[in-house]
Amino acid sequence: MSVFVYLKNFIYIVFGCLLAAFGTGIFLLPTKLSCGGFSGIATVIYYLFDFKVGYTIMILNIPLFIYSILKMGKGFTIKSIFATIIYSCFIDLFSIKEIVINDMFLACVYGGILIGVGLALVLKANASTGGTDLVAHIMLDKHINAKISSVIMIIDIIVVFINLMVFKGLEIGLYSFIVIWIIGKIIDLVFEGINYCKIVYIIAENDSQISKKINDELKRGVTKIYAKGSFTEKNKIILMCICKRYDVENIKKIARKIDKNSFIVISDAREVFGLGFKT
């Protein structure tokens with residue numbers, strides 16, 4: 001691995017931890033909101049026993065890191081330990097009890113965005129800030145037959161309910177769920193970008209006419225996929241067109257105009273590389 005890659009990962013981890021800690025310490029902690037995982041548990045301990053959030057996060061992560069460094073790749077574990085220490089130090093630096101924003105909704109939005117961007121940068125460096133992310137990696141390593149995202153969501157929900165019961169505020173629980181949702185969406189945006197494309201599949205009798213019309217009028221390429229219907233046992237042509245979102249309606253109109261019985265399926269394409277798209 002080159003020096004440039006090491007430096008880039010170092011910057012991603014430090015800046016990502018800075019953003020995530022700032023979002024947690026300034027926006028979530030004063031309003032007692034939780035983003036799930038060990039941070040949520042640390043928030044409860046912070047208010048019950050006045051024990052620093054960063055210290056709690058590091059202590060909770062120790063068993064996971066011991067297992068990780070013994071059983072998993074040292075490169076990932078070392079970077080994750082570094083990220084967790086940096087994240088914990090930054091959280092204790094930013095931790096306050098005085099409310100900065102009185103509007104809890106704005107606090108959960110700003111906090112969620114900052115944490116989401118921060119965690120995404122850490123993940124881009126192939127590291128983790130511990131907690132549920134590390135639990136997910138350990139489950140993968142142990143080949144546990146479970147959907148990792150579901151397990152993480154269940155853990156986060158349990159932590160949010162603990163927050164709700166301790167602080168006895170329904171709003172805290174509801175806004176905490178919004179925070180978790182925002183974090184997930186922001187991580188997806190950072191990794192996948194916002195330039196979503198669409199994939200349009202068309203099954204029609206007049207496939208050649210439809211593909212030519214799309215080529216000529218919309219200047220979009222169309223791929224013909226040879227298939228066979230399982231019910232009719234007849235050979236069919238499936239037209240596949242990758243396009244921008246604003247092209248979808250025109251493609252539907254073209255297909256329906258030429259063949260009113262055409263079968264159309266539209267799905268999302270997160271990233272597209274090649275001629276006419278990203279290069």
# chains A, B, ... in the order shown; residues from 1 in each chain; ligands from 1

call {"tool": "select_by_dssp", "arguments": {"residues": "range 107-264 of chain A", "states": "helix (DSSP H, G or I)", "output": "number ranges by chain"}}
result
A: 107-124, 132-141, 148-167, 170-192, 207-218, 245-258

call {"tool": "residues_around", "arguments": {"residues": "range 216-227 of chain A", "least_positions_apart": "2", "cutoff": "7 Å", "atoms": "only C-alpha atoms", "output": "ChimeraX atom specification"}}
result
/A:211-214,229,235-241,243

call {"tool": "write_last_selection", "arguments": {"atoms": "C-alpha atoms", "output": "CSV table (one decimal), in the first residue's frame"}}
result
chain,number,residue,atom,x,y,z
A,211,SER,CA,-35.3,0.1,-29.5
A,212,LYS,CA,-34.8,2.1,-32.7
A,213,LYS,CA,-37.2,4.8,-31.5
A,214,ILE,CA,-35.3,5.1,-28.2
A,229,GLY,CA,-40.7,-17.4,-21.0
A,235,ASN,CA,-38.2,-17.2,-27.0
A,236,LYS,CA,-38.4,-13.5,-26.2
A,237,ILE,CA,-36.3,-10.4,-26.4
A,238,ILE,CA,-35.9,-8.2,-23.3
A,239,LEU,CA,-34.8,-4.6,-24.0
A,240,MET,CA,-32.6,-3.1,-21.3
A,241,CYS,CA,-32.0,0.7,-21.3
A,243,CYS,CA,-31.1,6.1,-18.6

call {"tool": "select_by_dssp", "arguments": {"residues": "range 207-253 of chain A", "states": "strand (DSSP E or B)", "output": "list in words"}}
result
Thr223, Lys224, Ile225, Tyr226, Ala227, Lys228, Asn235, Lys236, Ile237, Ile238, Leu239, Met240, Cys241, Ile242 and Cys243 of chain A

call {"tool": "residues_around", "arguments": {"residues": "Ile85 in chain A", "least_positions_apart": "3", "cutoff": "12 Å", "atoms": "only C-alpha atoms", "output": "count of residues only"}}
result
28

call {"tool": "residues_around", "arguments": {"residues": "Thr77 in chain A", "least_positions_apart": "6", "cutoff": "8 Å", "atoms": "only C-alpha atoms", "output": "compact mmCIF listing (two decimals) with N, CA and C atoms, in the first residue's frame"}}
result
# COMPACT_ATOMS: atom_id res chain seq x y z
N PHE A 65 -12.53 -5.70 20.30
CA PHE A 65 -11.22 -5.52 19.68
C PHE A 65 -10.27 -6.66 20.01
N SER A 68 -11.30 -9.31 17.69
CA SER A 68 -10.98 -8.92 16.31
C SER A 68 -9.50 -9.06 16.00
N ILE A 69 -8.65 -8.64 16.93
CA ILE A 69 -7.21 -8.68 16.66
C ILE A 69 -6.68 -10.12 16.69
N ALA A 127 -12.24 1.08 7.88
CA ALA A 127 -12.10 1.05 9.33
C ALA A 127 -13.48 1.13 9.96

call {"tool": "residues_around", "arguments": {"residues": "range 24-28 of chain A", "least_positions_apart": "3", "cutoff": "7 Å", "atoms": "only C-alpha atoms", "output": "PDB file with all heavy atoms, in the first residue's frame"}}
result
ATOM      1  N   ALA A  20     -18.297  13.038  13.117  1.00  0.00           N
ATOM      2  CA  ALA A  20     -19.223  12.187  13.874  1.00  0.00           C
ATOM      3  C   ALA A  20     -19.272  12.582  15.344  1.00  0.00           C
ATOM      4  O   ALA A  20     -20.352  12.639  15.950  1.00  0.00           O
ATOM      5  CB  ALA A  20     -18.816  10.718  13.725  1.00  0.00           C
ATOM      6  N   ALA A  21     -18.118  12.881  15.912  1.00  0.00           N
ATOM      7  CA  ALA A  21     -18.062  13.283  17.325  1.00  0.00           C
ATOM      8  C   ALA A  21     -18.726  14.641  17.541  1.00  0.00           C
ATOM      9  O   ALA A  21     -19.423  14.846  18.540  1.00  0.00           O
ATOM     10  CB  ALA A  21     -16.605  13.324  17.786  1.00  0.00           C
ATOM     11  N   THR A  31     -29.518  16.901  23.856  1.00  0.00           N
ATOM     12  CA  THR A  31     -30.958  16.624  23.753  1.00  0.00           C
ATOM     13  C   THR A  31     -31.287  15.183  24.145  1.00  0.00           C
ATOM     14  O   THR A  31     -32.440  14.758  24.030  1.00  0.00           O
ATOM     15  CB  THR A  31     -31.443  16.878  22.314  1.00  0.00           C
ATOM     16  OG1 THR A  31     -30.582  16.184  21.394  1.00  0.00           O
ATOM     17  CG2 THR A  31     -31.414  18.360  21.979  1.00  0.00           C
ATOM     18  N   LYS A  32     -30.268  14.434  24.599  1.00  0.00           N
ATOM     19  CA  LYS A  32     -30.405  13.040  25.037  1.00  0.00           C
ATOM     20  C   LYS A  32     -30.833  12.101  23.914  1.00  0.00           C
ATOM     21  O   LYS A  32     -31.343  11.000  24.168  1.00  0.00           O
ATOM     22  CB  LYS A  32     -31.400  12.941  26.213  1.00  0.00           C
ATOM     23  CG  LYS A  32     -30.984  13.760  27.423  1.00  0.00           C
ATOM     24  CD  LYS A  32     -32.019  13.674  28.528  1.00  0.00           C
ATOM     25  CE  LYS A  32     -31.621  14.539  29.723  1.00  0.00           C
ATOM     26  NZ  LYS A  32     -32.633  14.541  30.790  1.00  0.00           N
ATOM     27  N   LEU A  33     -30.634  12.522  22.672  1.00  0.00           N
ATOM     28  CA  LEU A  33     -30.968  11.675  21.532  1.00  0.00           C
ATOM     29  C   LEU A  33     -29.906  10.606  21.350  1.00  0.00           C
ATOM     30  O   LEU A  33     -28.749  10.769  21.738  1.00  0.00           O
ATOM     31  CB  LEU A  33     -31.079  12.512  20.250  1.00  0.00           C
ATOM     32  CG  LEU A  33     -32.226  13.521  20.202  1.00  0.00           C
ATOM     33  CD1 LEU A  33     -32.155  14.338  18.914  1.00  0.00           C
ATOM     34  CD2 LEU A  33     -33.568  12.813  20.303  1.00  0.00           C
ATOM     35  N   SER A  34     -30.303   9.491  20.740  1.00  0.00           N
ATOM     36  CA  SER A  34     -29.394   8.369  20.558  1.00  0.00           C
ATOM     37  C   SER A  34     -29.259   8.025  19.082  1.00  0.00           C
ATOM     38  O   SER A  34     -30.232   8.115  18.328  1.00  0.00           O
ATOM     39  CB  SER A  34     -29.907   7.139  21.312  1.00  0.00           C
ATOM     40  OG  SER A  34     -29.161   5.991  20.971  1.00  0.00           O
ATOM     41  N   ILE A  91     -15.294  13.049  21.037  1.00  0.00           N
ATOM     42  CA  ILE A  91     -16.604  13.130  21.697  1.00  0.00           C
ATOM     43  C   ILE A  91     -16.467  13.793  23.069  1.00  0.00           C
ATOM     44  O   ILE A  91     -17.271  14.649  23.445  1.00  0.00           O
ATOM     45  CB  ILE A  91     -17.237  11.726  21.835  1.00  0.00           C
ATOM     46  CG1 ILE A  91     -17.922  11.331  20.536  1.00  0.00           C
ATOM     47  CG2 ILE A  91     -18.251  11.694  22.960  1.00  0.00           C
ATOM     48  CD1 ILE A  91     -18.774  10.094  20.625  1.00  0.00           C
ATOM     49  N   PHE A  94     -16.079  17.470  22.670  1.00  0.00           N
ATOM     50  CA  PHE A  94     -17.281  18.215  22.265  1.00  0.00           C
ATOM     51  C   PHE A  94     -18.472  18.005  23.194  1.00  0.00           C
ATOM     52  O   PHE A  94     -19.490  18.691  23.045  1.00  0.00           O
ATOM     53  CB  PHE A  94     -17.698  17.822  20.843  1.00  0.00           C
ATOM     54  CG  PHE A  94     -16.714  18.225  19.785  1.00  0.00           C
ATOM     55  CD1 PHE A  94     -16.209  17.287  18.899  1.00  0.00           C
ATOM     56  CD2 PHE A  94     -16.283  19.536  19.668  1.00  0.00           C
ATOM     57  CE1 PHE A  94     -15.303  17.641  17.918  1.00  0.00           C
ATOM     58  CE2 PHE A  94     -15.374  19.907  18.687  1.00  0.00           C
ATOM     59  CZ  PHE A  94     -14.880  18.959  17.807  1.00  0.00           C
ATOM     60  N   SER A  95     -18.387  17.050  24.133  1.00  0.00           N
ATOM     61  CA  SER A  95     -19.540  16.706  24.968  1.00  0.00           C
ATOM     62  C   SER A  95     -19.981  17.884  25.832  1.00  0.00           C
ATOM     63  O   SER A  95     -19.196  18.440  26.599  1.00  0.00           O
ATOM     64  CB  SER A  95     -19.201  15.512  25.874  1.00  0.00           C
ATOM     65  OG  SER A  95     -19.017  14.354  25.111  1.00  0.00           O
ATOM     66  N   ILE A  96     -21.238  18.247  25.677  1.00  0.00           N
ATOM     67  CA  ILE A  96     -21.832  19.310  26.491  1.00  0.00           C
ATOM     68  C   ILE A  96     -23.249  18.899  26.893  1.00  0.00           C
ATOM     69  O   ILE A  96     -23.871  18.080  26.236  1.00  0.00           O
ATOM     70  CB  ILE A  96     -21.892  20.660  25.733  1.00  0.00           C
ATOM     71  CG1 ILE A  96     -22.681  20.509  24.428  1.00  0.00           C
ATOM     72  CG2 ILE A  96     -20.510  21.209  25.467  1.00  0.00           C
ATOM     73  CD1 ILE A  96     -22.953  21.818  23.718  1.00  0.00           C
ATOM     74  N   VAL A 100     -27.763  23.426  22.469  1.00  0.00           N
ATOM     75  CA  VAL A 100     -27.357  24.424  21.482  1.00  0.00           C
ATOM     76  C   VAL A 100     -28.546  24.820  20.619  1.00  0.00           C
ATOM     77  O   VAL A 100     -28.750  25.994  20.310  1.00  0.00           O
ATOM     78  CB  VAL A 100     -26.215  23.880  20.590  1.00  0.00           C
ATOM     79  CG1 VAL A 100     -25.850  24.882  19.499  1.00  0.00           C
ATOM     80  CG2 VAL A 100     -24.994  23.549  21.429  1.00  0.00           C
ATOM     81  N   ALA A 107     -32.000  19.391  15.688  1.00  0.00           N
ATOM     82  CA  ALA A 107     -30.844  18.751  16.331  1.00  0.00           C
ATOM     83  C   ALA A 107     -30.635  17.350  15.768  1.00  0.00           C
ATOM     84  O   ALA A 107     -29.499  16.943  15.488  1.00  0.00           O
ATOM     85  CB  ALA A 107     -31.054  18.684  17.842  1.00  0.00           C
ATOM     86  N   CYS A 108     -31.723  16.608  15.569  1.00  0.00           N
ATOM     87  CA  CYS A 108     -31.576  15.237  15.064  1.00  0.00           C
ATOM     88  C   CYS A 108     -31.172  15.237  13.594  1.00  0.00           C
ATOM     89  O   CYS A 108     -30.410  14.374  13.156  1.00  0.00           O
ATOM     90  CB  CYS A 108     -32.849  14.423  15.302  1.00  0.00           C
ATOM     91  SG  CYS A 108     -34.127  14.552  14.062  1.00  0.00           S
ATOM     92  N   GLY A 111     -27.395  16.518  13.558  1.00  0.00           N
ATOM     93  CA  GLY A 111     -26.577  15.462  14.153  1.00  0.00           C
ATOM     94  C   GLY A 111     -26.488  14.244  13.256  1.00  0.00           C
ATOM     95  O   GLY A 111     -25.410  13.685  13.042  1.00  0.00           O
ATOM     96  N   ILE A 115     -22.998  12.844  11.599  1.00  0.00           N
ATOM     97  CA  ILE A 115     -22.570  11.490  11.967  1.00  0.00           C
ATOM     98  C   ILE A 115     -22.518  10.590  10.736  1.00  0.00           C
ATOM     99  O   ILE A 115     -21.583   9.811  10.555  1.00  0.00           O
ATOM    100  CB  ILE A 115     -23.499  10.899  13.045  1.00  0.00           C
ATOM    101  CG1 ILE A 115     -23.392  11.708  14.340  1.00  0.00           C
ATOM    102  CG2 ILE A 115     -23.151   9.433  13.322  1.00  0.00           C
ATOM    103  CD1 ILE A 115     -24.475  11.384  15.357  1.00  0.00           C
TER     104      ILE A 115
END

call {"tool": "residues_around", "arguments": {"residues": "Phe10 in chain A", "least_positions_apart": "6", "cutoff": "10 Å", "atoms": "only C-alpha atoms", "output": "PDB file with N, CA and C atoms, in the first residue's frame"}}
result
ATOM      1  N   PHE A   4       0.573   7.424  -0.184  1.00  0.00           N
ATOM      2  CA  PHE A   4      -0.601   8.249  -0.479  1.00  0.00           C
ATOM      3  C   PHE A   4      -1.878   7.617   0.068  1.00  0.00           C
ATOM      4  N   GLY A  16     -13.388  12.098   9.565  1.00  0.00           N
ATOM      5  CA  GLY A  16     -14.672  11.420   9.771  1.00  0.00           C
ATOM      6  C   GLY A  16     -15.032  11.336  11.242  1.00  0.00           C
ATOM      7  N   LYS A  79      -6.664  -0.125  12.408  1.00  0.00           N
ATOM      8  CA  LYS A  79      -7.292   1.121  11.950  1.00  0.00           C
ATOM      9  C   LYS A  79      -8.564   1.415  12.749  1.00  0.00           C
ATOM     10  N   PHE A  82      -7.636   2.684  16.209  1.00  0.00           N
ATOM     11  CA  PHE A  82      -7.222   4.080  16.061  1.00  0.00           C
ATOM     12  C   PHE A  82      -8.440   4.987  15.887  1.00  0.00           C
ATOM     13  N   ALA A  83      -9.379   4.564  15.017  1.00  0.00           N
ATOM     14  CA  ALA A  83     -10.583   5.369  14.773  1.00  0.00           C
ATOM     15  C   ALA A  83     -11.425   5.500  16.035  1.00  0.00           C
ATOM     16  N   VAL A 122     -15.054   7.149   7.550  1.00  0.00           N
ATOM     17  CA  VAL A 122     -14.309   6.109   8.273  1.00  0.00           C
ATOM     18  C   VAL A 122     -14.435   4.768   7.555  1.00  0.00           C
ATOM     19  N   ALA A 125     -12.268   4.359   4.581  1.00  0.00           N
ATOM     20  CA  ALA A 125     -10.877   4.023   4.923  1.00  0.00           C
ATOM     21  C   ALA A 125     -10.750   2.568   5.374  1.00  0.00           C
TER      22      ALA A 125
END

call {"tool": "atom_distance", "arguments": {"atom1": "CA of Lys168 in chain A", "atom2": "CA of Ile182 in chain A"}}
result
23.1 Å

call {"tool": "residues_around", "arguments": {"residues": "Phe161 in chain A", "least_positions_apart": "3", "cutoff": "12 Å", "atoms": "only C-alpha atoms", "output": "PyMOL selection string"}}
result
chain A and resi 33-37+40-41+44+154-158+164-177
